[in-house]
Amino acid sequence: MDRNVYLRMSEQDSQHWWFVARRQILADQIAALDLGADARVLEAGCGPGGNLEMLSRFGNLAAFELDDQARQVASVRSGVDVDSGALPDQISYPAETFDLVAAFDVVEHIERDRESVRSMAELLRPGGRLMISVPAYQWLWSRHDERHHHWRRYTRQEIEALIQEAGLRIEKSTHFNTLLFPLIMLVRFFKNLLGIADRPDDRTPGPMVNGLLRRIFAAERYWLRHGSFPVGVSILCIACKD
């Protein structure tokens, strides 16, 4: 990603509604996996480290990141010694090392997505889980995707196919960021209509709006404990290495 995108992420990911609510949803899903006290956890492509504190609650945490500045920021803010690395083939860990490998909005940044999912699957111990989130629907493509250097957005069937081709069994597959889906579609439509699509849409809104959006998005975790959503801005998949 562009350096200024990493910098905005490090400034906003502790308060912006999307980062905070997504982290609550992901933590809720990980807690349900019951990984065990000695679990080994890896975050692939951790960026400036906004998820590391949350992930460290679930086991012995490792992480890697390609961008030097983002890696330094992540190490300082989390206390985790973040390694230099990148998917699919710049990874320094032995096969069958981890009980959970997480890639949160990472795979869409990589041209070789199939090889990347396979590389993460190889890092799992038998019984280990791969947890991936990606943006949904190519027809939602916008300047946001271009600024963040995305290669693509996915359908649920497409990301499931990549995971299954890597030899993993899908345990959960769902859209999320569903309750705000109509609002997000309208915002993108009117930005295109008014010719202001180039304006960044990842700035933190005012406190009242930010708090309201966070509560709406985060409330999805209660439904996701027992079910799934058929549509949404993002997709979450959890798969097991049998």
# chains A, B, ... in the order shown; residues from 1 in each chain; ligands from 1
$ select_by_dssp --residues "segment 82-239 of chain A" --states "alpha helix (DSSP H)" --output "MDAnalysis selection string"
chainID A and resid 113:122 143:147 156:165 181:193 207:218 220:224
$ residues_around --residues "Ala32 of chain A" --least-positions-apart "5" --cutoff "12 Å" --atoms "only C-alpha atoms" --output "MDAnalysis selection string"
chainID A and resid 25:27 58 129 171:172 221:222 224:226 238
$ select_by_dssp --residues "segment 64-218 of chain A" --states "strand (DSSP E)" --output "ChimeraX atom specification"
/A:64-65,83-84,98-104,124-135,169-176
$ write_last_selection --atoms "N, CA and C atoms" --output "short mmCIF file (atom, residue, chain, number, x, y, z; two decimals), in the first residue's frame"
data_model
loop_
_atom_site.label_atom_id
_atom_site.label_comp_id
_atom_site.auth_asym_id
_atom_site.auth_seq_id
_atom_site.Cartn_x
_atom_site.Cartn_y
_atom_site.Cartn_z
N PHE A 64 4.31 -11.08 10.68
CA PHE A 64 5.26 -10.57 9.70
C PHE A 64 4.61 -9.49 8.85
N GLU A 65 5.47 -8.63 8.31
CA GLU A 65 5.03 -7.50 7.49
C GLU A 65 6.16 -7.12 6.54
N ASP A 83 8.37 -9.85 12.31
CA ASP A 83 9.37 -10.29 11.34
C ASP A 83 9.14 -9.63 9.99
N SER A 84 10.21 -9.58 9.21
CA SER A 84 10.10 -9.14 7.82
C SER A 84 9.67 -10.33 6.98
N PHE A 98 1.79 -23.41 13.38
CA PHE A 98 0.80 -22.56 14.04
C PHE A 98 -0.56 -23.24 14.17
N ASP A 99 -1.25 -22.86 15.25
CA ASP A 99 -2.62 -23.31 15.48
C ASP A 99 -3.64 -22.37 14.84
N LEU A 100 -3.24 -21.13 14.62
CA LEU A 100 -4.10 -20.16 13.92
C LEU A 100 -3.22 -19.26 13.07
N VAL A 101 -3.56 -19.16 11.80
CA VAL A 101 -2.95 -18.18 10.91
C VAL A 101 -4.05 -17.24 10.46
N ALA A 102 -3.86 -15.94 10.70
CA ALA A 102 -4.87 -14.93 10.38
C ALA A 102 -4.34 -13.98 9.32
N ALA A 103 -5.17 -13.71 8.33
CA ALA A 103 -4.84 -12.73 7.29
C ALA A 103 -6.07 -11.85 7.11
N PHE A 104 -6.04 -10.70 7.76
CA PHE A 104 -7.20 -9.82 7.78
C PHE A 104 -7.05 -8.74 6.72
N LEU A 124 0.07 -24.37 9.00
CA LEU A 124 -0.84 -24.85 10.04
C LEU A 124 -0.46 -26.24 10.52
N ARG A 125 -0.55 -26.42 11.85
CA ARG A 125 -0.49 -27.76 12.41
C ARG A 125 -1.78 -28.52 12.06
N PRO A 126 -1.75 -29.84 12.09
CA PRO A 126 -3.01 -30.58 11.94
C PRO A 126 -4.03 -30.12 12.98
N GLY A 127 -5.21 -29.80 12.54
CA GLY A 127 -6.24 -29.26 13.42
C GLY A 127 -6.19 -27.75 13.54
N GLY A 128 -5.17 -27.11 12.95
CA GLY A 128 -5.06 -25.66 13.00
C GLY A 128 -6.06 -24.98 12.07
N ARG A 129 -6.28 -23.69 12.33
CA ARG A 129 -7.28 -22.93 11.56
C ARG A 129 -6.63 -21.78 10.79
N LEU A 130 -7.15 -21.57 9.61
CA LEU A 130 -6.85 -20.38 8.81
C LEU A 130 -8.06 -19.47 8.86
N MET A 131 -7.81 -18.18 9.15
CA MET A 131 -8.89 -17.20 9.26
C MET A 131 -8.57 -16.06 8.30
N ILE A 132 -9.43 -15.85 7.32
CA ILE A 132 -9.19 -14.87 6.26
C ILE A 132 -10.40 -13.94 6.16
N SER A 133 -10.13 -12.64 6.06
CA SER A 133 -11.18 -11.68 5.68
C SER A 133 -10.73 -10.96 4.42
N VAL A 134 -11.70 -10.71 3.53
CA VAL A 134 -11.43 -10.03 2.26
C VAL A 134 -12.61 -9.13 1.92
N PRO A 135 -12.40 -8.11 1.08
CA PRO A 135 -13.53 -7.29 0.62
C PRO A 135 -14.37 -8.05 -0.40
N ARG A 169 -10.58 -27.49 5.06
CA ARG A 169 -12.03 -27.68 5.16
C ARG A 169 -12.68 -26.43 5.73
N ILE A 170 -13.63 -25.87 5.02
CA ILE A 170 -14.33 -24.67 5.47
C ILE A 170 -15.19 -24.99 6.69
N GLU A 171 -14.97 -24.25 7.77
CA GLU A 171 -15.82 -24.39 8.96
C GLU A 171 -16.87 -23.29 9.04
N LYS A 172 -16.51 -22.10 8.61
CA LYS A 172 -17.46 -20.98 8.62
C LYS A 172 -17.16 -20.09 7.44
N SER A 173 -18.20 -19.65 6.77
CA SER A 173 -18.05 -18.73 5.64
C SER A 173 -19.24 -17.79 5.66
N THR A 174 -18.97 -16.51 5.75
CA THR A 174 -20.05 -15.54 5.89
C THR A 174 -19.62 -14.18 5.37
N HIS A 175 -20.59 -13.43 4.89
CA HIS A 175 -20.37 -12.00 4.71
C HIS A 175 -20.48 -11.33 6.08
N PHE A 176 -19.91 -10.14 6.17
CA PHE A 176 -20.16 -9.29 7.34
C PHE A 176 -20.04 -7.84 6.91
#
$ atom_distance --atom1 "atom CA of Ser116 of chain A" --atom2 "atom CA of His148 of chain A"
18.3 Å
$ residues_around --residues "Arg71 of chain A" --least-positions-apart "6" --cutoff "7 Å" --atoms "only C-alpha atoms" --output "compact mmCIF listing (two decimals) with C-alpha atoms, in the first residue's frame"
# COMPACT_ATOMS: atom_id res chain seq x y z
CA GLY A 47 0.55 -3.69 8.70
CA PRO A 48 1.10 -1.17 11.50
CA GLU A 65 5.03 -7.50 7.49
CA VAL A 82 7.41 -8.42 14.01
$ closest_residue --among "A:Glu115, A:Leu61, A:Val233, A:Cys240" --to "Gln90 of chain A" --atoms "only C-alpha atoms"
A:Glu115
$ atom_distance --atom1 "atom CA of Asp113 of chain A" --atom2 "atom CA of Arg214 of chain A"
29.9 Å
$ residues_around --residues "Asn60 of chain A" --least-positions-apart "5" --cutoff "7 Å" --atoms "only C-alpha atoms" --output "count of residues only"
4
